[in-house]
>>> print(open('target.cif').read())   # mmCIF, C-alpha atoms and all ligand atoms
data_final
#
loop_
_atom_site.group_PDB
_atom_site.id
_atom_site.type_symbol
_atom_site.label_atom_id
_atom_site.label_comp_id
_atom_site.auth_asym_id
_atom_site.auth_seq_id
_atom_site.Cartn_x
_atom_site.Cartn_y
_atom_site.Cartn_z
ATOM 1 C CA MET A 1 110.614 93.084 109.427
ATOM 2 C CA ARG A 2 111.247 96.345 111.259
ATOM 3 C CA ILE A 3 112.976 99.068 109.294
ATOM 4 C CA VAL A 4 113.687 102.795 109.237
ATOM 5 C CA LEU A 5 113.943 104.878 106.068
ATOM 6 C CA LEU A 6 116.515 107.600 106.544
ATOM 7 C CA GLY A 7 117.106 110.336 103.995
ATOM 8 C CA ALA A 8 116.962 114.065 103.414
ATOM 9 C CA PRO A 9 113.618 115.702 102.643
ATOM 10 C CA GLY A 10 112.793 114.905 99.030
ATOM 11 C CA SER A 11 115.105 111.888 98.827
ATOM 12 C CA GLY A 12 112.130 109.700 97.809
ATOM 13 C CA LYS A 13 111.159 107.924 101.031
ATOM 14 C CA GLY A 14 107.425 108.529 100.615
ATOM 15 C CA THR A 15 107.547 107.607 96.918
ATOM 16 C CA GLN A 16 108.940 104.137 97.696
ATOM 17 C CA THR A 17 106.636 103.461 100.655
ATOM 18 C CA ASP A 18 103.768 101.669 98.871
ATOM 19 C CA SER A 19 105.933 99.165 97.039
ATOM 20 C CA ILE A 20 107.882 98.330 100.226
ATOM 21 C CA ILE A 21 104.834 97.799 102.415
ATOM 22 C CA GLN A 22 103.071 95.754 99.733
ATOM 23 C CA ARG A 23 106.063 93.519 99.055
ATOM 24 C CA TYR A 24 106.784 92.716 102.708
ATOM 25 C CA GLY A 25 103.290 93.045 104.191
ATOM 26 C CA ILE A 26 104.465 95.531 106.799
ATOM 27 C CA SER A 27 102.781 98.739 108.010
ATOM 28 C CA THR A 28 104.103 102.253 107.796
ATOM 29 C CA VAL A 29 104.408 105.029 110.337
ATOM 30 C CA ALA A 30 105.280 108.411 108.789
ATOM 31 C CA THR A 31 105.548 111.267 111.268
ATOM 32 C CA GLY A 32 105.178 113.943 108.584
ATOM 33 C CA ASP A 33 101.864 112.427 107.408
ATOM 34 C CA LEU A 34 100.619 112.050 110.992
ATOM 35 C CA LEU A 35 101.498 115.681 111.719
ATOM 36 C CA ARG A 36 99.879 116.973 108.516
ATOM 37 C CA ALA A 37 96.692 115.052 109.428
ATOM 38 C CA GLU A 38 96.687 116.798 112.832
ATOM 39 C CA VAL A 39 97.175 120.184 111.158
ATOM 40 C CA SER A 40 94.300 119.614 108.690
ATOM 41 C CA ALA A 41 92.013 118.404 111.468
ATOM 42 C CA GLY A 42 92.851 121.595 113.405
ATOM 43 C CA THR A 43 93.696 119.710 116.615
ATOM 44 C CA GLU A 44 95.622 121.371 119.439
ATOM 45 C CA LEU A 45 98.609 119.201 118.567
ATOM 46 C CA GLY A 46 98.358 120.314 114.921
ATOM 47 C CA GLN A 47 98.187 123.966 115.936
ATOM 48 C CA ARG A 48 101.329 123.564 118.034
ATOM 49 C CA ALA A 49 103.162 121.733 115.245
ATOM 50 C CA LYS A 50 102.213 123.989 112.303
ATOM 51 C CA PRO A 51 104.638 126.919 112.816
ATOM 52 C CA PHE A 52 107.594 124.533 113.072
ATOM 53 C CA MET A 53 106.536 122.678 109.925
ATOM 54 C CA ASP A 54 105.980 125.911 107.993
ATOM 55 C CA ALA A 55 109.519 127.017 108.880
ATOM 56 C CA GLY A 56 111.031 123.594 108.118
ATOM 57 C CA ASP A 57 112.188 123.103 111.713
ATOM 58 C CA LEU A 58 111.730 119.958 113.780
ATOM 59 C CA VAL A 59 108.508 119.831 115.775
ATOM 60 C CA PRO A 60 109.173 119.570 119.553
ATOM 61 C CA PHE A 61 110.105 116.133 120.787
ATOM 62 C CA ASP A 62 107.159 115.604 123.159
ATOM 63 C CA ILE A 63 104.610 116.029 120.332
ATOM 64 C CA VAL A 64 106.308 113.549 118.028
ATOM 65 C CA LEU A 65 107.239 110.982 120.660
ATOM 66 C CA GLY A 66 103.663 110.607 121.901
ATOM 67 C CA MET A 67 102.463 109.991 118.333
ATOM 68 C CA ILE A 68 105.170 107.398 117.686
ATOM 69 C CA GLU A 69 104.583 105.536 120.940
ATOM 70 C CA ASN A 70 100.857 105.272 120.253
ATOM 71 C CA GLY A 71 101.450 104.279 116.623
ATOM 72 C CA LEU A 72 103.997 101.555 117.381
ATOM 73 C CA ARG A 73 102.037 100.044 120.261
ATOM 74 C CA ALA A 74 98.933 99.847 118.054
ATOM 75 C CA LEU A 75 100.879 98.353 115.132
ATOM 76 C CA ALA A 76 102.479 95.696 117.356
ATOM 77 C CA GLN A 77 98.943 94.407 117.980
ATOM 78 C CA ILE A 78 97.597 94.845 114.456
ATOM 79 C CA ASN A 79 100.446 93.670 112.204
ATOM 80 C CA PRO A 80 102.927 91.057 113.466
ATOM 81 C CA LYS A 81 104.850 91.265 110.145
ATOM 82 C CA GLY A 82 106.429 94.516 111.242
ATOM 83 C CA PHE A 83 106.696 98.177 110.339
ATOM 84 C CA MET A 84 108.577 100.777 108.385
ATOM 85 C CA MET A 85 109.271 104.209 109.865
ATOM 86 C CA ASP A 86 109.546 107.262 107.605
ATOM 87 C CA GLY A 87 110.571 110.614 109.093
ATOM 88 C CA PHE A 88 111.450 109.234 112.503
ATOM 89 C CA PRO A 89 113.950 109.268 114.128
ATOM 90 C CA ARG A 90 115.290 112.642 113.048
ATOM 91 C CA ASP A 91 117.918 113.359 115.654
ATOM 92 C CA LEU A 92 119.942 111.533 118.262
ATOM 93 C CA SER A 93 117.461 112.004 121.084
ATOM 94 C CA GLN A 94 114.672 110.535 118.919
ATOM 95 C CA ALA A 95 116.908 107.604 117.917
ATOM 96 C CA GLU A 96 117.715 106.847 121.559
ATOM 97 C CA ALA A 97 114.045 107.110 122.537
ATOM 98 C CA LEU A 98 113.145 104.736 119.694
ATOM 99 C CA ASP A 99 115.784 102.201 120.843
ATOM 100 C CA LYS A 100 114.361 102.330 124.345
ATOM 101 C CA LEU A 101 110.776 101.914 123.183
ATOM 102 C CA LEU A 102 111.574 99.039 120.819
ATOM 103 C CA THR A 103 113.573 97.271 123.535
ATOM 104 C CA LYS A 104 110.547 97.585 125.804
ATOM 105 C CA LEU A 105 108.295 96.177 123.072
ATOM 106 C CA LYS A 106 110.903 93.443 122.312
ATOM 107 C CA GLN A 107 110.902 94.537 118.657
ATOM 108 C CA PRO A 108 114.442 95.621 117.719
ATOM 109 C CA LEU A 109 115.176 97.176 114.321
ATOM 110 C CA ASP A 110 116.405 94.874 111.538
ATOM 111 C CA ARG A 111 117.656 97.444 109.057
ATOM 112 C CA VAL A 112 118.004 101.165 108.321
ATOM 113 C CA LEU A 113 118.059 102.287 104.683
ATOM 114 C CA PHE A 114 119.717 105.592 103.862
ATOM 115 C CA PHE A 115 118.695 107.174 100.541
ATOM 116 C CA GLU A 116 121.618 109.036 98.982
ATOM 117 C CA VAL A 117 120.585 112.006 96.804
ATOM 118 C CA ASP A 118 122.471 115.262 96.314
ATOM 119 C CA TYR A 119 120.907 118.460 97.593
ATOM 120 C CA GLU A 120 120.535 120.309 94.271
ATOM 121 C CA GLU A 121 118.533 117.377 92.858
ATOM 122 C CA ILE A 122 116.380 117.524 96.009
ATOM 123 C CA VAL A 123 115.665 121.253 95.664
ATOM 124 C CA LYS A 124 114.564 120.667 92.040
ATOM 125 C CA ARG A 125 112.300 117.769 93.069
ATOM 126 C CA LEU A 126 110.636 119.634 95.933
ATOM 127 C CA LEU A 127 110.090 122.875 94.020
ATOM 128 C CA GLY A 128 108.308 120.728 91.434
ATOM 129 C CA ARG A 129 106.083 119.060 94.047
ATOM 130 C CA GLY A 130 104.489 122.124 95.691
ATOM 131 C CA ARG A 131 103.476 120.928 99.187
ATOM 132 C CA ALA A 132 102.829 123.764 101.693
ATOM 133 C CA ASP A 133 106.444 123.559 102.959
ATOM 134 C CA ASP A 134 107.993 123.213 99.488
ATOM 135 C CA ASN A 135 109.115 126.824 98.962
ATOM 136 C CA GLU A 136 112.798 127.508 98.459
ATOM 137 C CA ALA A 137 113.508 129.121 101.866
ATOM 138 C CA THR A 138 111.801 126.319 103.788
ATOM 139 C CA ILE A 139 113.400 123.609 101.654
ATOM 140 C CA ARG A 140 116.883 125.073 102.309
ATOM 141 C CA ASN A 141 116.156 125.181 106.044
ATOM 142 C CA ARG A 142 114.890 121.573 106.016
ATOM 143 C CA LEU A 143 118.154 120.565 104.345
ATOM 144 C CA ARG A 144 120.183 122.506 106.954
ATOM 145 C CA VAL A 145 118.224 120.795 109.740
ATOM 146 C CA PHE A 146 118.814 117.419 108.070
ATOM 147 C CA GLU A 147 122.552 118.033 107.776
ATOM 148 C CA GLU A 148 122.920 119.205 111.360
ATOM 149 C CA LYS A 149 120.516 116.922 113.228
ATOM 150 C CA THR A 150 119.588 113.879 111.137
ATOM 151 C CA ALA A 151 122.753 113.102 109.169
ATOM 152 C CA PRO A 152 124.641 112.040 112.364
ATOM 153 C CA LEU A 153 122.208 109.094 112.528
ATOM 154 C CA ILE A 154 123.929 107.600 109.472
ATOM 155 C CA ASP A 155 126.992 106.843 111.639
ATOM 156 C CA TYR A 156 124.845 105.969 114.640
ATOM 157 C CA TYR A 157 123.139 103.142 112.732
ATOM 158 C CA ALA A 158 126.297 102.144 110.825
ATOM 159 C CA GLN A 159 127.980 101.511 114.182
ATOM 160 C CA LYS A 160 125.102 99.261 115.174
ATOM 161 C CA GLY A 161 125.575 97.306 111.922
ATOM 162 C CA LEU A 162 122.051 98.199 110.736
ATOM 163 C CA LEU A 163 122.744 100.679 107.926
ATOM 164 C CA ARG A 164 122.508 100.035 104.175
ATOM 165 C CA LYS A 165 123.023 102.900 101.714
ATOM 166 C CA VAL A 166 120.779 103.018 98.655
ATOM 167 C CA LYS A 167 121.525 105.303 95.710
ATOM 168 C CA GLY A 168 118.357 107.422 95.507
ATOM 169 C CA THR A 169 118.689 108.719 91.932
ATOM 170 C CA GLY A 170 117.441 107.114 88.730
ATOM 171 C CA THR A 171 113.895 105.976 88.017
ATOM 172 C CA VAL A 172 111.497 104.993 90.793
ATOM 173 C CA ASP A 173 111.714 101.360 89.568
ATOM 174 C CA GLU A 174 115.513 101.338 89.563
ATOM 175 C CA ILE A 175 115.561 102.603 93.133
ATOM 176 C CA GLY A 176 112.875 100.057 94.068
ATOM 177 C CA ALA A 177 115.122 97.251 92.786
ATOM 178 C CA ARG A 178 118.018 98.506 94.954
ATOM 179 C CA ILE A 179 115.711 98.585 97.970
ATOM 180 C CA ARG A 180 114.575 95.006 97.340
ATOM 181 C CA ALA A 181 118.210 93.922 97.128
ATOM 182 C CA ALA A 182 118.816 95.474 100.550
ATOM 183 C CA LEU A 183 115.682 94.046 102.171
ATOM 184 C CA ASP A 184 115.012 90.621 100.630
ATOM 185 C CA GLU A 185 117.814 89.078 102.660
ATOM 186 C CA ILE A 186 116.033 89.928 105.927
ATOM 187 C CA ALA A 187 112.485 89.157 104.692
HETATM 188 P P1 LIG B 1 108.172 114.996 106.336
HETATM 189 O O1 LIG B 1 106.773 114.801 105.955
HETATM 190 O O2 LIG B 1 108.926 113.842 106.897
HETATM 191 O O3 LIG B 1 108.844 115.609 105.081
HETATM 192 P P2 LIG B 1 110.326 115.682 104.608
HETATM 193 O O4 LIG B 1 111.355 115.230 105.558
HETATM 194 O O5 LIG B 1 110.475 117.077 104.150
HETATM 195 O O6 LIG B 1 110.338 114.617 103.493
HETATM 196 P P3 LIG B 1 109.514 114.638 102.176
HETATM 197 O O7 LIG B 1 108.170 114.058 102.361
HETATM 198 O O8 LIG B 1 109.574 116.001 101.564
HETATM 199 O O9 LIG B 1 110.489 113.725 101.328
HETATM 200 P P4 LIG B 1 110.481 112.212 100.898
HETATM 201 O O10 LIG B 1 111.864 111.666 101.102
HETATM 202 O O11 LIG B 1 109.334 111.438 101.443
HETATM 203 O O12 LIG B 1 110.342 112.423 99.323
HETATM 204 P P5 LIG B 1 109.106 112.098 98.375
HETATM 205 O O13 LIG B 1 109.030 110.638 98.130
HETATM 206 O O14 LIG B 1 107.886 112.806 98.862
HETATM 207 O O15 LIG B 1 108.326 116.179 107.392
HETATM 208 C C1 LIG B 1 107.710 117.452 107.214
HETATM 209 C C2 LIG B 1 107.877 118.278 108.486
HETATM 210 O O16 LIG B 1 107.225 117.623 109.594
HETATM 211 C C3 LIG B 1 109.326 118.474 108.961
HETATM 212 O O17 LIG B 1 109.952 119.553 108.315
HETATM 213 C C4 LIG B 1 109.106 118.724 110.468
HETATM 214 O O18 LIG B 1 108.675 120.026 110.706
HETATM 215 C C5 LIG B 1 107.956 117.775 110.806
HETATM 216 N N1 LIG B 1 108.425 116.442 111.256
HETATM 217 C C6 LIG B 1 108.228 115.240 110.613
HETATM 218 N N2 LIG B 1 108.759 114.234 111.324
HETATM 219 C C7 LIG B 1 109.313 114.808 112.443
HETATM 220 C C8 LIG B 1 110.037 114.285 113.559
HETATM 221 N N3 LIG B 1 110.310 112.978 113.650
HETATM 222 N N4 LIG B 1 110.452 115.150 114.518
HETATM 223 C C9 LIG B 1 110.186 116.460 114.424
HETATM 224 N N5 LIG B 1 109.522 117.028 113.390
HETATM 225 C C10 LIG B 1 109.091 116.207 112.408
HETATM 226 O O19 LIG B 1 109.647 112.762 97.022
HETATM 227 C C11 LIG B 1 109.761 114.163 96.897
HETATM 228 C C12 LIG B 1 109.485 114.577 95.441
HETATM 229 O O20 LIG B 1 110.463 113.968 94.588
HETATM 230 C C13 LIG B 1 108.110 114.118 94.922
HETATM 231 O O21 LIG B 1 107.580 115.121 94.120
HETATM 232 C C14 LIG B 1 108.438 112.857 94.103
HETATM 233 O O22 LIG B 1 107.520 112.640 93.056
HETATM 234 C C15 LIG B 1 109.831 113.184 93.577
HETATM 235 N N6 LIG B 1 110.638 111.974 93.375
HETATM 236 C C16 LIG B 1 110.701 110.880 94.187
HETATM 237 N N7 LIG B 1 111.545 109.960 93.672
HETATM 238 C C17 LIG B 1 112.043 110.493 92.510
HETATM 239 C C18 LIG B 1 112.967 110.026 91.543
HETATM 240 N N8 LIG B 1 113.553 108.832 91.633
HETATM 241 N N9 LIG B 1 113.266 110.844 90.504
HETATM 242 C C19 LIG B 1 112.693 112.074 90.385
HETATM 243 N N10 LIG B 1 111.766 112.561 91.273
HETATM 244 C C20 LIG B 1 111.460 111.784 92.334
#
>>> encode(input="target.cif", output="structure tokens")
Amino acid sequence: MRIVLLGAPGSGKGTQTDSIIQRYGISTVATGDLLRAEVSAGTELGQRAKPFMDAGDLVPFDIVLGMIENGLRALAQINPKGFMMDGFPRDLSQAEALDKLLTKLKQPLDRVLFFEVDYEEIVKRLLGRGRADDNEATIRNRLRVFEEKTAPLIDYYAQKGLLRKVKGTGTVDEIGARIRAALDEIA
């Protein structure tokens, strides 16, 4: 199973990750986690990425693409059951690069889940979480960036027949049940 989780910052993608990967035996690639690991390790890549992350802007394409290519090639060897991507793609150029890479690896996507949550609920959730980029100004910018750059991917994947919308409010278990309903049919 090869899937993408699409949703605004704070829509609950990371929260649902463990139950999805355990249920279907797939691996996860989360660009935000990979980038934060680079920042904490103080690598050159992390130092380049940090100012963009602090502002809530997208990190330049070349940094993210290299990480994704390495991650997906490694996963193709390690876990034949598939993968779930969280935080990538985030704009049209990333989506097109992902299509190209997955065609090359002969591993096309099976499904894209879009988590629907309204923005005021998201601001409340993220202010309550307190990660380094969870201050109000950065959250609002991340939502602007989502609206402008990432939201067009909803139509992009709908046109390919891959998109399923999942209502992202309610309890974590309720949302988990909706996700299972959208994924069990391709498991
Ligand atoms: P990234 O790490 O991807 O963060 P994000 O997009 O801001 O997403 P979050 O992790 O905040 O949200 P989530 O949907 O996972 O929600 P979560 O489950 O944590 O990216 C960070 C930065 O890295 C970007 O701004 C960018 O700079 C850079 N970056 C990453 N990928 C990139 C790319 N591809 N290209 C370029 N740059 C890139 O939940 C949030 C909170 O809500 C938690 O506190 C949780 O407990 C709570 N919550 C979850 N579910 C519920 C619920 N049902 N009810 C109530 N509360 C809930």
>>> resolve_selection(input="target.cif", expression="the PyMOL selection byres (((not hetatm)) within 6 of (chain B and resi 1))", output="list of chain:residue names")
A:Pro9, A:Gly10, A:Ser11, A:Gly12, A:Lys13, A:Gly14, A:Thr15, A:Thr31, A:Gly32, A:Asp33, A:Phe52, A:Met53, A:Gly56, A:Asp57, A:Leu58, A:Val59, A:Val64, A:Gly87, A:Phe88, A:Pro89, A:Arg90, A:Arg125, A:Leu126, A:Arg129, A:Arg142, A:Thr169, A:Gly170, A:Thr171, A:Val172
>>> atom_distance(input="target.cif", atom1="CA of Asp118 in chain A", atom2="CA of Asn141 in chain A")
15.3 Å
>>> closest_residue(input="target.cif", among="A:Leu153, A:Leu143, A:Ile122, A:Leu183", to="Arg23 in chain A", atoms="all atoms listed in the file")
A:Leu183
>>> atom_distance(input="target.cif", atom1="CA of Pro51 in chain A", atom2="CA of Arg140 in chain A")
16.2 Å
>>> residues_near_point(input="target.cif", point="(125.2, 102.6, 107.0)", cutoff="12 Å", atoms="all atoms listed in the file", output="count of residues only")
27
>>> atom_distance(input="target.cif", atom1="CA of Thr17 in chain A", atom2="CA of Ile3 in chain A")
11.6 Å
>>> resolve_selection(input="target.cif", expression="the PyMOL selection byres (((chain A and resi 187) around 8) and not hetatm)", output="list in words")
Met1, Tyr24, Leu183, Asp184, Glu185 and Ile186 of chain A
>>> closest_residue(input="target.cif", among="A:Gly128, A:Met67, A:Leu105, A:Thr28", to="Gly46 in chain A", atoms="all atoms listed in the file")
A:Met67
>>> closest_residue(input="target.cif", among="A:Ile20, A:Ala41, A:Ala8, A:Ile179", to="Phe83 in chain A", atoms="only C-alpha atoms")
A:Ile20
>>> decode(input="target.cif", residues="range 151-173 of chain A", atoms="N, CA, C and O atoms", output="PDB file, in the first residue's frame")
ATOM      1  N   ALA A 151      -3.021  23.267  -0.983  1.00  0.00           N
ATOM      2  CA  ALA A 151      -4.435  22.955  -1.243  1.00  0.00           C
ATOM      3  C   ALA A 151      -4.718  22.608  -2.719  1.00  0.00           C
ATOM      4  O   ALA A 151      -5.565  21.749  -2.985  1.00  0.00           O
ATOM      5  N   PRO A 152      -4.016  23.214  -3.701  1.00  0.00           N
ATOM      6  CA  PRO A 152      -4.272  22.814  -5.097  1.00  0.00           C
ATOM      7  C   PRO A 152      -4.026  21.315  -5.360  1.00  0.00           C
ATOM      8  O   PRO A 152      -4.547  20.764  -6.333  1.00  0.00           O
ATOM      9  N   LEU A 153      -3.292  20.658  -4.468  1.00  0.00           N
ATOM     10  CA  LEU A 153      -3.048  19.216  -4.669  1.00  0.00           C
ATOM     11  C   LEU A 153      -4.312  18.386  -4.423  1.00  0.00           C
ATOM     12  O   LEU A 153      -4.393  17.232  -4.857  1.00  0.00           O
ATOM     13  N   ILE A 154      -5.291  18.971  -3.727  1.00  0.00           N
ATOM     14  CA  ILE A 154      -6.545  18.245  -3.503  1.00  0.00           C
ATOM     15  C   ILE A 154      -7.176  17.941  -4.874  1.00  0.00           C
ATOM     16  O   ILE A 154      -7.537  16.807  -5.175  1.00  0.00           O
ATOM     17  N   ASP A 155      -7.252  18.957  -5.726  1.00  0.00           N
ATOM     18  CA  ASP A 155      -7.813  18.742  -7.081  1.00  0.00           C
ATOM     19  C   ASP A 155      -6.898  17.887  -7.931  1.00  0.00           C
ATOM     20  O   ASP A 155      -7.357  17.055  -8.711  1.00  0.00           O
ATOM     21  N   TYR A 156      -5.608  18.110  -7.781  1.00  0.00           N
ATOM     22  CA  TYR A 156      -4.617  17.347  -8.571  1.00  0.00           C
ATOM     23  C   TYR A 156      -4.827  15.843  -8.364  1.00  0.00           C
ATOM     24  O   TYR A 156      -4.894  15.070  -9.318  1.00  0.00           O
ATOM     25  N   TYR A 157      -4.982  15.431  -7.098  1.00  0.00           N
ATOM     26  CA  TYR A 157      -5.141  13.994  -6.833  1.00  0.00           C
ATOM     27  C   TYR A 157      -6.585  13.526  -7.077  1.00  0.00           C
ATOM     28  O   TYR A 157      -6.803  12.362  -7.415  1.00  0.00           O
ATOM     29  N   ALA A 158      -7.553  14.438  -6.922  1.00  0.00           N
ATOM     30  CA  ALA A 158      -8.941  14.059  -7.238  1.00  0.00           C
ATOM     31  C   ALA A 158      -9.031  13.708  -8.726  1.00  0.00           C
ATOM     32  O   ALA A 158      -9.654  12.721  -9.109  1.00  0.00           O
ATOM     33  N   GLN A 159      -8.368  14.526  -9.556  1.00  0.00           N
ATOM     34  CA  GLN A 159      -8.417  14.256 -11.004  1.00  0.00           C
ATOM     35  C   GLN A 159      -7.764  12.934 -11.371  1.00  0.00           C
ATOM     36  O   GLN A 159      -8.100  12.321 -12.370  1.00  0.00           O
ATOM     37  N   LYS A 160      -6.833  12.497 -10.572  1.00  0.00           N
ATOM     38  CA  LYS A 160      -6.189  11.202 -10.831  1.00  0.00           C
ATOM     39  C   LYS A 160      -7.001  10.043 -10.238  1.00  0.00           C
ATOM     40  O   LYS A 160      -6.588   8.891 -10.311  1.00  0.00           O
ATOM     41  N   GLY A 161      -8.104  10.385  -9.546  1.00  0.00           N
ATOM     42  CA  GLY A 161      -8.959   9.350  -8.955  1.00  0.00           C
ATOM     43  C   GLY A 161      -8.366   8.745  -7.688  1.00  0.00           C
ATOM     44  O   GLY A 161      -8.783   7.672  -7.253  1.00  0.00           O
ATOM     45  N   LEU A 162      -7.405   9.453  -7.061  1.00  0.00           N
ATOM     46  CA  LEU A 162      -6.726   8.876  -5.888  1.00  0.00           C
ATOM     47  C   LEU A 162      -7.243   9.425  -4.553  1.00  0.00           C
ATOM     48  O   LEU A 162      -6.980   8.857  -3.500  1.00  0.00           O
ATOM     49  N   LEU A 163      -7.974  10.546  -4.611  1.00  0.00           N
ATOM     50  CA  LEU A 163      -8.289  11.271  -3.368  1.00  0.00           C
ATOM     51  C   LEU A 163      -9.481  10.709  -2.604  1.00  0.00           C
ATOM     52  O   LEU A 163     -10.498  10.366  -3.196  1.00  0.00           O
ATOM     53  N   ARG A 164      -9.333  10.610  -1.263  1.00  0.00           N
ATOM     54  CA  ARG A 164     -10.478  10.366  -0.381  1.00  0.00           C
ATOM     55  C   ARG A 164     -10.419  11.426   0.707  1.00  0.00           C
ATOM     56  O   ARG A 164      -9.363  11.629   1.307  1.00  0.00           O
ATOM     57  N   LYS A 165     -11.561  12.083   0.979  1.00  0.00           N
ATOM     58  CA  LYS A 165     -11.601  13.078   2.050  1.00  0.00           C
ATOM     59  C   LYS A 165     -12.006  12.404   3.347  1.00  0.00           C
ATOM     60  O   LYS A 165     -12.909  11.571   3.344  1.00  0.00           O
ATOM     61  N   VAL A 166     -11.334  12.782   4.430  1.00  0.00           N
ATOM     62  CA  VAL A 166     -11.649  12.220   5.747  1.00  0.00           C
ATOM     63  C   VAL A 166     -11.925  13.389   6.688  1.00  0.00           C
ATOM     64  O   VAL A 166     -11.093  14.298   6.802  1.00  0.00           O
ATOM     65  N   LYS A 167     -13.078  13.376   7.341  1.00  0.00           N
ATOM     66  CA  LYS A 167     -13.381  14.444   8.298  1.00  0.00           C
ATOM     67  C   LYS A 167     -12.394  14.309   9.469  1.00  0.00           C
ATOM     68  O   LYS A 167     -12.320  13.248  10.110  1.00  0.00           O
ATOM     69  N   GLY A 168     -11.627  15.384   9.725  1.00  0.00           N
ATOM     70  CA  GLY A 168     -10.533  15.299  10.692  1.00  0.00           C
ATOM     71  C   GLY A 168     -10.872  15.837  12.062  1.00  0.00           C
ATOM     72  O   GLY A 168      -9.977  16.145  12.855  1.00  0.00           O
ATOM     73  N   THR A 169     -12.176  15.987  12.369  1.00  0.00           N
ATOM     74  CA  THR A 169     -12.567  16.416  13.723  1.00  0.00           C
ATOM     75  C   THR A 169     -13.313  15.287  14.420  1.00  0.00           C
ATOM     76  O   THR A 169     -13.850  14.398  13.772  1.00  0.00           O
ATOM     77  N   GLY A 170     -13.339  15.379  15.759  1.00  0.00           N
ATOM     78  CA  GLY A 170     -13.898  14.290  16.568  1.00  0.00           C
ATOM     79  C   GLY A 170     -12.754  13.696  17.366  1.00  0.00           C
ATOM     80  O   GLY A 170     -11.666  14.288  17.434  1.00  0.00           O
ATOM     81  N   THR A 171     -12.971  12.529  17.970  1.00  0.00           N
ATOM     82  CA  THR A 171     -11.880  11.939  18.754  1.00  0.00           C
ATOM     83  C   THR A 171     -10.883  11.261  17.810  1.00  0.00           C
ATOM     84  O   THR A 171     -11.194  10.972  16.654  1.00  0.00           O
ATOM     85  N   VAL A 172      -9.693  11.003  18.345  1.00  0.00           N
ATOM     86  CA  VAL A 172      -8.652  10.341  17.552  1.00  0.00           C
ATOM     87  C   VAL A 172      -9.163   8.977  17.054  1.00  0.00           C
ATOM     88  O   VAL A 172      -8.945   8.590  15.907  1.00  0.00           O
ATOM     89  N   ASP A 173      -9.915   8.265  17.909  1.00  0.00           N
ATOM     90  CA  ASP A 173     -10.454   6.950  17.508  1.00  0.00           C
ATOM     91  C   ASP A 173     -11.499   7.071  16.409  1.00  0.00           C
ATOM     92  O   ASP A 173     -11.549   6.252  15.495  1.00  0.00           O
TER      93      ASP A 173
END
